[in-house]
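K.L.:
Structure provided below as structure tokens; questions to follow.
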Amino acid sequence: MPTLTSHVISTRPRRLFTASLAATLLSTGLLAAAPAVAQNFPSKPIEWVVPYPAGGGTDVLARTLAESMSRTLGQPIVINNKPGAATSIGAAYVAEAKPDGYTLLSADTATLAANPFLYRKLPYDAEKSFAPIGLTVRFPLILAVNPQVPVKDLKEFTAWAKAQQSGQSGANYGSPGAGSPHHLATALFAQQTQLTLTHVPYRGAAPAIQDVVGGQIPFMFVDTAAGKAFLESGKLKPIGVASARRVRGFNTVPTLNEQGLKGFEAYAWQGVVVPAGTPAPVVAKLHKALHDAFNDDNVKARLIALGLEAIPSTPEEMAAYAAAERAKWAPVIKAANITVE
């Protein structure tokens, strides 16, 4: 299984459980009971809640994984889109569901890492309301500009952005919404480069990208799933990758770290969770189905086509990753004074 080290997940051979998780289950007697408890699960269709509209990257990913997992589990997995309130509507629905393994949630950066610091009150607890099944993918982020912006690398972009600050509130940038990973990445970027930038939030990635392409706003961080076609066609100009390494399909685009922004790293990431209190044997069975899906050739091909980075993990590793992300983004959100009502 992947191990978490400074937000970088390795690709070493994976196992179903880490030794510590197995030891915990054994000490509580759950490991021995697992075969009996999980034997009849699932005996009916499973509901997978996607807290975003149908047709987006999260929805496509969930449907791709669900198709493979349903074959493994022997029951249909039905996608239920419950968008709104930066994933809080769908998250609250799953948090309140019966903890029996029949209600899954696509949980992401917003759900588990950012929302606790963006909202004064949430209808769920990011740390206590869910039991993790495993991480799924990261959406690499790329700093991209309208082709008419006269820059080609980070140095030129920074100089251009500083020039926009004279007598103004700084260069405008777009995002899929306040508190989105794209927004947080730009807030972190502004803090590390000491730039003054003005956020223009949109309702989704598509309209934000369209306005960068149309020249209404000059730049934004785009994820590879939503921006791939525009970057490949030249309608968006890539400046730098926010990942630790260069991204498949955009190998000629250097990372921001390579260009001098040391330690800069930001992703939109996702995983799967169930309500807290779901029996460990059921979690184990769901985890195995998710783990097996990443070995499905159809899933592999689909993820490559979408420009997504697979990061399958154990439940323990997902919990640790989410905690590390909360620790990372909390000070960024506070420093940028980002709030969502």
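Simple scheme: letters A, B, ... for chains in structure tokens order, numbers from 1 for residues in each chain, numbers from 1 for ligands in the order shown.
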If DSSP is run on the backbone, what residues of segment 178-296 of chain A are strand (DSSP E)? A reply as a VMD selection string would be ideal.
P.N.:
chain A and resid 197 to 201 219 to 223 237 to 241 267 to 275
K.L.:
Write a file of the selected residues as a PDB file, in the first residue's frame, keeping C-alpha atoms.
P.N.:
ATOM      1  CA  LEU A 197      -4.471  38.729  -6.631  1.00  0.00           C
ATOM      2  CA  THR A 198      -8.241  39.123  -6.859  1.00  0.00           C
ATOM      3  CA  HIS A 199     -10.438  36.026  -6.742  1.00  0.00           C
ATOM      4  CA  VAL A 200     -13.385  35.682  -9.123  1.00  0.00           C
ATOM      5  CA  PRO A 201     -15.385  32.590  -8.061  1.00  0.00           C
ATOM      6  CA  PHE A 219      -5.493  33.108 -15.514  1.00  0.00           C
ATOM      7  CA  MET A 220      -6.378  30.327 -13.091  1.00  0.00           C
ATOM      8  CA  PHE A 221      -5.169  27.006 -11.789  1.00  0.00           C
ATOM      9  CA  VAL A 222      -6.918  24.355 -13.890  1.00  0.00           C
ATOM     10  CA  ASP A 223      -7.150  20.656 -13.121  1.00  0.00           C
ATOM     11  CA  LYS A 237      -1.159  28.442 -22.111  1.00  0.00           C
ATOM     12  CA  PRO A 238       0.431  26.352 -19.325  1.00  0.00           C
ATOM     13  CA  ILE A 239       2.945  28.156 -17.101  1.00  0.00           C
ATOM     14  CA  GLY A 240       3.764  25.545 -14.479  1.00  0.00           C
ATOM     15  CA  VAL A 241       2.579  22.376 -12.780  1.00  0.00           C
ATOM     16  CA  TYR A 267      -3.762  19.006  -5.730  1.00  0.00           C
ATOM     17  CA  ALA A 268      -7.456  18.348  -5.929  1.00  0.00           C
ATOM     18  CA  TRP A 269      -7.692  14.861  -4.397  1.00  0.00           C
ATOM     19  CA  GLN A 270     -10.469  12.392  -3.718  1.00  0.00           C
ATOM     20  CA  GLY A 271     -11.306   9.260  -1.808  1.00  0.00           C
ATOM     21  CA  VAL A 272     -14.246   7.140  -0.715  1.00  0.00           C
ATOM     22  CA  VAL A 273     -15.805   7.108   2.763  1.00  0.00           C
ATOM     23  CA  VAL A 274     -18.782   5.546   4.543  1.00  0.00           C
ATOM     24  CA  PRO A 275     -20.635   6.655   7.703  1.00  0.00           C
TER      25      PRO A 275
END
K.L.:
For Gly214 of chain A, list every protein, DNA or RNA residue within 12 Å, evaluated using only C-alpha atoms, and leave out those in the same chain fewer than 3 positions away; present the list as a list in words.
P.N.:
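My list of contacting residues is Val145, Asn146, Pro147, Gln148, Val149, Pro207, Ala208, Ile209, Gln210, Asp211, Ile217, Pro218, Phe219, Phe230, Lys235 and Leu236 of chain A.
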K.L.:
Considering only C-alpha atoms, state which residue in the set A:Ala266, A:Leu141, A:Leu261, A:Leu118 is at the smallest distance from Leu308 of chain A.
P.N.:
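Under the stated criterion, the closest residue is A:Leu141.
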K.L.:
With only C-alpha atoms as the atoms that count, which of A:Thr58, A:Ala86, A:Ile46, A:Leu65 lies nearest to Asn298 of chain A?
P.N.:
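When distances to Asn298 of chain A are compared using only C-alpha atoms, the smallest one comes from A:Leu65.
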K.L.:
Fewer than 2 positions away in the same chain doesn't count, so skip those; otherwise give me all residues within 9 Å of Ala92 of chain A, counting only C-alpha atoms, as a count of residues only.
P.N.:
13
K.L.:
Going by DSSP on the backbone, which bits of segment 134-194 of chain A are alpha helix (DSSP H)? Write them as JSON, numbers by chain, please.
P.N.:
{"A": [154, 155, 156, 157, 158, 159, 160, 161, 162, 163, 181, 182, 183, 184, 185, 186, 187, 188, 189, 190, 191, 192, 193]}
K.L.:
For the atom pair atom CA of Arg63 of chain A and atom CA of Asp100 of chain A, what is the interatomic distance in Å to one decimal place?
P.N.:
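A separation of 21.0 Å between them.
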K.L.:
Select, from A:Asp292, A:Glu232, A:Glu47, A:Asp153, the residue with the minimum atom-to-atom distance to Ser313 of chain A, counting only C-alpha atoms.
P.N.:
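Between A:Asp292, A:Glu232, A:Glu47, A:Asp153, the residue approaching Ser313 of chain A most closely is A:Asp292.
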K.L.:
Go through A:Ala66, A:Leu73, A:Ile133, A:Ala91 one by one, measure the shortest atom-to-atom distance of each to Ala284 of chain A using only C-alpha atoms, and give the residue with the smallest value.
P.N.:
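Closest candidate: A:Ile133.
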K.L.:
I'd like to know which of A:Gly55, A:Gln165, A:Pro312, A:Phe139 is closest to Lys288 of chain A, using only C-alpha atoms.
P.N.:
A:Pro312
K.L.:
Which neighbours of segment 192-195 of chain A fall inside 12 Å, counting only C-alpha atoms, when residues of the same chain fewer than 4 positions from it are skipped, and could you give them as a ChimeraX atom specification?
P.N.:
/A:154-155,157-166,169-172,185-188,256-257,260-265,332,335-336
K.L.:
Grab the residues selected above and save them as a CSV table (one decimal), in the first residue's frame with N, CA, C and O atoms.
P.N.:
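What follows is the written file again.csv:
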chain,number,residue,atom,x,y,z
A,154,LEU,N,7.3,31.0,-15.1
A,154,LEU,CA,6.9,31.6,-13.8
A,154,LEU,C,7.5,33.0,-13.5
A,154,LEU,O,6.9,33.9,-13.0
A,155,LYS,N,8.8,33.1,-13.9
A,155,LYS,CA,9.5,34.4,-13.7
A,155,LYS,C,8.7,35.5,-14.4
A,155,LYS,O,8.5,36.6,-13.9
A,157,PHE,N,5.6,35.5,-15.5
A,157,PHE,CA,4.3,35.6,-14.9
A,157,PHE,C,4.3,36.4,-13.7
A,157,PHE,O,3.4,37.3,-13.5
A,158,THR,N,5.3,36.2,-12.8
A,158,THR,CA,5.3,36.9,-11.5
A,158,THR,C,5.6,38.4,-11.8
A,158,THR,O,4.9,39.3,-11.2
A,159,ALA,N,6.4,38.7,-12.7
A,159,ALA,CA,6.7,40.1,-13.1
A,159,ALA,C,5.4,40.8,-13.7
A,159,ALA,O,5.1,41.9,-13.3
A,160,TRP,N,4.7,40.0,-14.5
A,160,TRP,CA,3.5,40.6,-15.1
A,160,TRP,C,2.4,40.8,-14.0
A,160,TRP,O,1.8,41.9,-14.0
A,161,ALA,N,2.3,39.8,-13.1
A,161,ALA,CA,1.3,40.0,-12.0
A,161,ALA,C,1.6,41.1,-11.1
A,161,ALA,O,0.7,41.8,-10.7
A,162,LYS,N,2.9,41.3,-10.8
A,162,LYS,CA,3.3,42.5,-10.0
A,162,LYS,C,3.0,43.8,-10.6
A,162,LYS,O,2.6,44.8,-10.0
A,163,ALA,N,3.1,43.8,-12.0
A,163,ALA,CA,2.8,45.0,-12.7
A,163,ALA,C,1.3,45.4,-12.6
A,163,ALA,O,0.9,46.6,-12.7
A,164,GLN,N,0.5,44.4,-12.5
A,164,GLN,CA,-1.0,44.6,-12.4
A,164,GLN,C,-1.4,45.2,-11.1
A,164,GLN,O,-2.5,45.7,-10.9
A,165,GLN,N,-0.5,45.2,-10.1
A,165,GLN,CA,-0.8,45.6,-8.8
A,165,GLN,C,-0.8,47.1,-8.6
A,165,GLN,O,-1.4,47.7,-7.7
A,166,SER,N,-0.2,47.8,-9.5
A,166,SER,CA,0.0,49.3,-9.5
A,166,SER,C,-1.4,50.0,-9.6
A,166,SER,O,-2.0,49.9,-10.6
A,169,SER,N,-6.3,46.3,-7.5
A,169,SER,CA,-6.4,45.2,-6.4
A,169,SER,C,-5.6,44.0,-6.9
A,169,SER,O,-5.8,42.9,-6.3
A,170,GLY,N,-4.9,44.1,-8.0
A,170,GLY,CA,-4.2,42.9,-8.5
A,170,GLY,C,-4.9,42.2,-9.6
A,170,GLY,O,-6.0,42.4,-9.9
A,171,ALA,N,-4.1,41.3,-10.2
A,171,ALA,CA,-4.7,40.5,-11.4
A,171,ALA,C,-5.8,39.6,-10.9
A,171,ALA,O,-5.8,39.0,-9.9
A,172,ASN,N,-6.9,39.6,-11.7
A,172,ASN,CA,-8.0,38.7,-11.4
A,172,ASN,C,-7.7,37.3,-11.8
A,172,ASN,O,-7.0,37.0,-12.8
A,185,ALA,N,-5.2,26.7,-4.0
A,185,ALA,CA,-3.8,26.6,-4.6
A,185,ALA,C,-3.4,28.0,-5.0
A,185,ALA,O,-2.2,28.4,-4.8
A,186,THR,N,-4.3,28.9,-5.5
A,186,THR,CA,-3.9,30.2,-5.8
A,186,THR,C,-3.6,31.1,-4.6
A,186,THR,O,-2.8,31.9,-4.7
A,187,ALA,N,-4.4,30.9,-3.5
A,187,ALA,CA,-4.1,31.6,-2.3
A,187,ALA,C,-2.7,31.3,-1.8
A,187,ALA,O,-2.0,32.1,-1.3
A,188,LEU,N,-2.4,30.0,-1.8
A,188,LEU,CA,-1.0,29.6,-1.4
A,188,LEU,C,0.0,30.2,-2.3
A,188,LEU,O,1.1,30.7,-1.8
A,256,LEU,N,6.3,24.2,-10.9
A,256,LEU,CA,6.5,25.5,-10.3
A,256,LEU,C,7.8,25.4,-9.4
A,256,LEU,O,8.5,26.4,-9.3
A,257,ASN,N,7.9,24.3,-8.8
A,257,ASN,CA,9.1,24.0,-7.9
A,257,ASN,C,10.4,24.1,-8.7
A,257,ASN,O,11.3,24.7,-8.3
A,260,GLY,N,11.6,27.6,-9.4
A,260,GLY,CA,12.0,28.4,-8.2
A,260,GLY,C,11.1,28.6,-7.1
A,260,GLY,O,11.4,29.1,-6.1
A,261,LEU,N,9.8,28.1,-7.2
A,261,LEU,CA,8.9,28.2,-6.1
A,261,LEU,C,9.0,27.0,-5.3
A,261,LEU,O,8.2,26.0,-5.4
A,262,LYS,N,10.0,27.0,-4.5
A,262,LYS,CA,10.4,25.8,-3.7
A,262,LYS,C,9.3,25.3,-2.8
A,262,LYS,O,8.8,26.0,-2.0
A,263,GLY,N,9.1,24.0,-2.9
A,263,GLY,CA,8.2,23.3,-2.0
A,263,GLY,C,6.7,23.5,-2.3
A,263,GLY,O,5.8,23.0,-1.6
A,264,PHE,N,6.4,24.2,-3.4
A,264,PHE,CA,5.0,24.4,-3.8
A,264,PHE,C,4.4,23.2,-4.3
A,264,PHE,O,4.9,22.6,-5.3
A,265,GLU,N,3.3,22.8,-3.7
A,265,GLU,CA,2.6,21.6,-4.2
A,265,GLU,C,1.1,21.7,-3.8
A,265,GLU,O,0.8,22.0,-2.6
A,332,VAL,N,-3.3,28.5,5.5
A,332,VAL,CA,-3.5,29.2,4.2
A,332,VAL,C,-4.8,29.9,4.2
A,332,VAL,O,-4.9,31.1,3.8
A,335,ALA,N,-4.8,32.9,6.7
A,335,ALA,CA,-4.0,34.0,6.2
A,335,ALA,C,-4.7,34.7,5.1
A,335,ALA,O,-4.5,36.0,5.0
A,336,ALA,N,-5.4,34.0,4.3
A,336,ALA,CA,-6.1,34.6,3.1
A,336,ALA,C,-7.5,35.1,3.5
A,336,ALA,O,-8.2,35.7,2.7
K.L.:
Given only C-alpha atoms as the basis, pick out the residue of A:Val50, A:Val60, A:Ala190, A:Met318 nearest to Gly84 of chain A.
P.N.:
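Answer, going by the shortest atom-to-atom distance: A:Val50.
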K.L.:
Need the shell around Ala323 of chain A: protein/DNA/RNA residues with any atom at most 10 Å away, counting only C-alpha atoms. Skip same-chain ones fewer than 3 positions apart. Format as a PyMOL selection string?
P.N.:
chain A and resi 112-113+126-127+317-320+326-328
K.L.:
Which residues are close to Thr339 of chain A, i.e. within 10 Å by only C-alpha atoms, leaving aside same-chain residues fewer than 5 positions away? Reply as a PDB file with C-alpha atoms, in the first residue's frame.
P.N.:
ATOM      1  CA  ASN A 115     -14.637  22.994   4.768  1.00  0.00           C
ATOM      2  CA  PHE A 117     -11.981  26.081   8.200  1.00  0.00           C
ATOM      3  CA  LEU A 118     -14.201  27.763   5.595  1.00  0.00           C
ATOM      4  CA  TYR A 119     -17.552  27.421   7.350  1.00  0.00           C
ATOM      5  CA  ARG A 120     -18.488  28.595  10.827  1.00  0.00           C
ATOM      6  CA  ALA A 178     -14.732  29.787  -3.110  1.00  0.00           C
ATOM      7  CA  GLY A 179     -12.750  27.255  -1.109  1.00  0.00           C
ATOM      8  CA  ILE A 333      -7.247  29.752   4.612  1.00  0.00           C
ATOM      9  CA  LYS A 334      -6.726  31.824   7.770  1.00  0.00           C
TER      10      LYS A 334
END
K.L.:
I'd like the contact shell of Leu286 of chain A - 12 Å cut-off, only C-alpha atoms, skipping same-chain residues fewer than 5 positions apart - returned as JSON, numbers by chain.
P.N.:
{"A": [16, 38, 41, 42, 46, 48, 65, 66, 68, 69, 70, 72, 73, 74, 75, 77, 100, 101, 102, 103, 104, 131, 132, 133, 134, 272, 273, 274, 278, 279, 280, 281, 291, 292, 293, 314, 315]}
K.L.:
Write the selection just made, keeping N, CA and C atoms, as a short mmCIF file (atom, residue, chain, number, x, y, z; two decimals), in the first residue's frame?
P.N.:
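Final file, part.cif:
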data_model
loop_
_atom_site.label_atom_id
_atom_site.label_comp_id
_atom_site.auth_asym_id
_atom_site.auth_seq_id
_atom_site.Cartn_x
_atom_site.Cartn_y
_atom_site.Cartn_z
N LEU A 16 -3.50 -5.16 1.38
CA LEU A 16 -4.86 -4.79 1.74
C LEU A 16 -4.88 -4.03 3.05
N ALA A 38 -18.86 -10.19 7.07
CA ALA A 38 -18.86 -9.72 5.68
C ALA A 38 -19.46 -10.71 4.69
N PHE A 41 -22.52 -9.50 2.91
CA PHE A 41 -22.47 -8.14 2.37
C PHE A 41 -21.75 -8.13 1.03
N PRO A 42 -22.34 -7.45 0.03
CA PRO A 42 -23.64 -6.76 0.05
C PRO A 42 -24.75 -7.69 -0.45
N ILE A 46 -25.98 -0.79 -3.71
CA ILE A 46 -25.26 0.19 -2.90
C ILE A 46 -25.45 1.57 -3.52
N TRP A 48 -24.01 5.32 -4.05
CA TRP A 48 -22.76 6.10 -4.03
C TRP A 48 -23.13 7.55 -4.26
N LEU A 65 -15.31 3.85 -11.35
CA LEU A 65 -14.94 2.94 -10.28
C LEU A 65 -16.11 2.06 -9.86
N ALA A 66 -17.30 2.65 -9.82
CA ALA A 66 -18.49 1.89 -9.40
C ALA A 66 -18.78 0.73 -10.33
N SER A 68 -16.68 -1.06 -12.03
CA SER A 68 -15.74 -2.15 -11.74
C SER A 68 -16.04 -2.78 -10.39
N MET A 69 -16.29 -1.96 -9.38
CA MET A 69 -16.55 -2.48 -8.04
C MET A 69 -17.82 -3.31 -7.97
N SER A 70 -18.83 -2.93 -8.74
CA SER A 70 -20.09 -3.68 -8.71
C SER A 70 -19.91 -5.10 -9.21
N THR A 72 -17.16 -6.84 -8.79
CA THR A 72 -16.48 -7.53 -7.70
C THR A 72 -17.44 -7.88 -6.57
N LEU A 73 -18.31 -6.94 -6.24
CA LEU A 73 -19.22 -7.11 -5.10
C LEU A 73 -20.47 -7.89 -5.44
N GLY A 74 -20.79 -7.99 -6.73
CA GLY A 74 -21.97 -8.76 -7.13
C GLY A 74 -23.28 -8.04 -6.94
N GLN A 75 -23.24 -6.72 -6.75
CA GLN A 75 -24.44 -5.91 -6.60
C GLN A 75 -24.26 -4.60 -7.35
N ILE A 77 -24.09 -0.65 -8.07
CA ILE A 77 -23.77 0.55 -7.31
C ILE A 77 -24.41 1.71 -8.05
N ASP A 100 -24.00 0.89 7.51
CA ASP A 100 -24.04 -0.52 7.15
C ASP A 100 -23.28 -0.84 5.86
N GLY A 101 -22.62 0.18 5.28
CA GLY A 101 -21.84 -0.05 4.07
C GLY A 101 -22.61 0.16 2.79
N TYR A 102 -23.89 0.49 2.89
CA TYR A 102 -24.71 0.63 1.68
C TYR A 102 -24.81 2.09 1.20
N THR A 103 -24.08 3.00 1.84
CA THR A 103 -24.05 4.39 1.40
C THR A 103 -22.60 4.87 1.38
N LEU A 104 -22.09 5.15 0.18
CA LEU A 104 -20.73 5.62 -0.01
C LEU A 104 -20.74 7.11 -0.36
N ALA A 131 -15.93 6.94 8.04
CA ALA A 131 -14.88 5.92 8.08
C ALA A 131 -14.29 5.83 6.68
N PRO A 132 -12.99 6.00 6.52
CA PRO A 132 -12.39 5.98 5.18
C PRO A 132 -12.34 4.58 4.59
N ILE A 133 -12.56 4.51 3.28
CA ILE A 133 -12.39 3.26 2.52
C ILE A 133 -11.03 3.28 1.83
N GLY A 134 -10.68 4.42 1.25
CA GLY A 134 -9.38 4.57 0.60
C GLY A 134 -9.35 5.77 -0.32
N VAL A 272 -12.91 7.67 -0.98
CA VAL A 272 -14.25 7.14 -0.71
C VAL A 272 -14.39 6.90 0.78
N VAL A 273 -15.54 7.32 1.35
CA VAL A 273 -15.80 7.11 2.76
C VAL A 273 -17.21 6.55 2.94
N VAL A 274 -17.46 6.02 4.13
CA VAL A 274 -18.78 5.55 4.54
C VAL A 274 -19.09 6.18 5.90
N THR A 278 -19.48 2.09 10.57
CA THR A 278 -19.65 0.96 9.66
C THR A 278 -18.72 -0.18 10.11
N PRO A 279 -19.24 -1.41 10.21
CA PRO A 279 -18.41 -2.52 10.71
C PRO A 279 -17.11 -2.69 9.92
N ALA A 280 -16.03 -2.97 10.65
CA ALA A 280 -14.72 -3.11 10.02
C ALA A 280 -14.70 -4.16 8.91
N PRO A 281 -15.38 -5.31 9.06
CA PRO A 281 -15.37 -6.29 7.97
C PRO A 281 -16.01 -5.76 6.69
N HIS A 291 -9.74 -1.39 -4.18
CA HIS A 291 -8.36 -1.73 -4.51
C HIS A 291 -8.28 -2.51 -5.82
N ASP A 292 -9.18 -3.49 -5.98
CA ASP A 292 -9.18 -4.31 -7.20
C ASP A 292 -9.55 -3.49 -8.44
N ALA A 293 -10.36 -2.44 -8.24
CA ALA A 293 -10.77 -1.62 -9.38
C ALA A 293 -9.57 -0.94 -10.03
N THR A 314 -4.69 2.45 1.83
CA THR A 314 -5.47 1.79 2.88
C THR A 314 -6.37 2.83 3.55
N PRO A 315 -7.37 2.38 4.31
CA PRO A 315 -8.18 3.33 5.09
C PRO A 315 -7.32 4.16 6.04
#
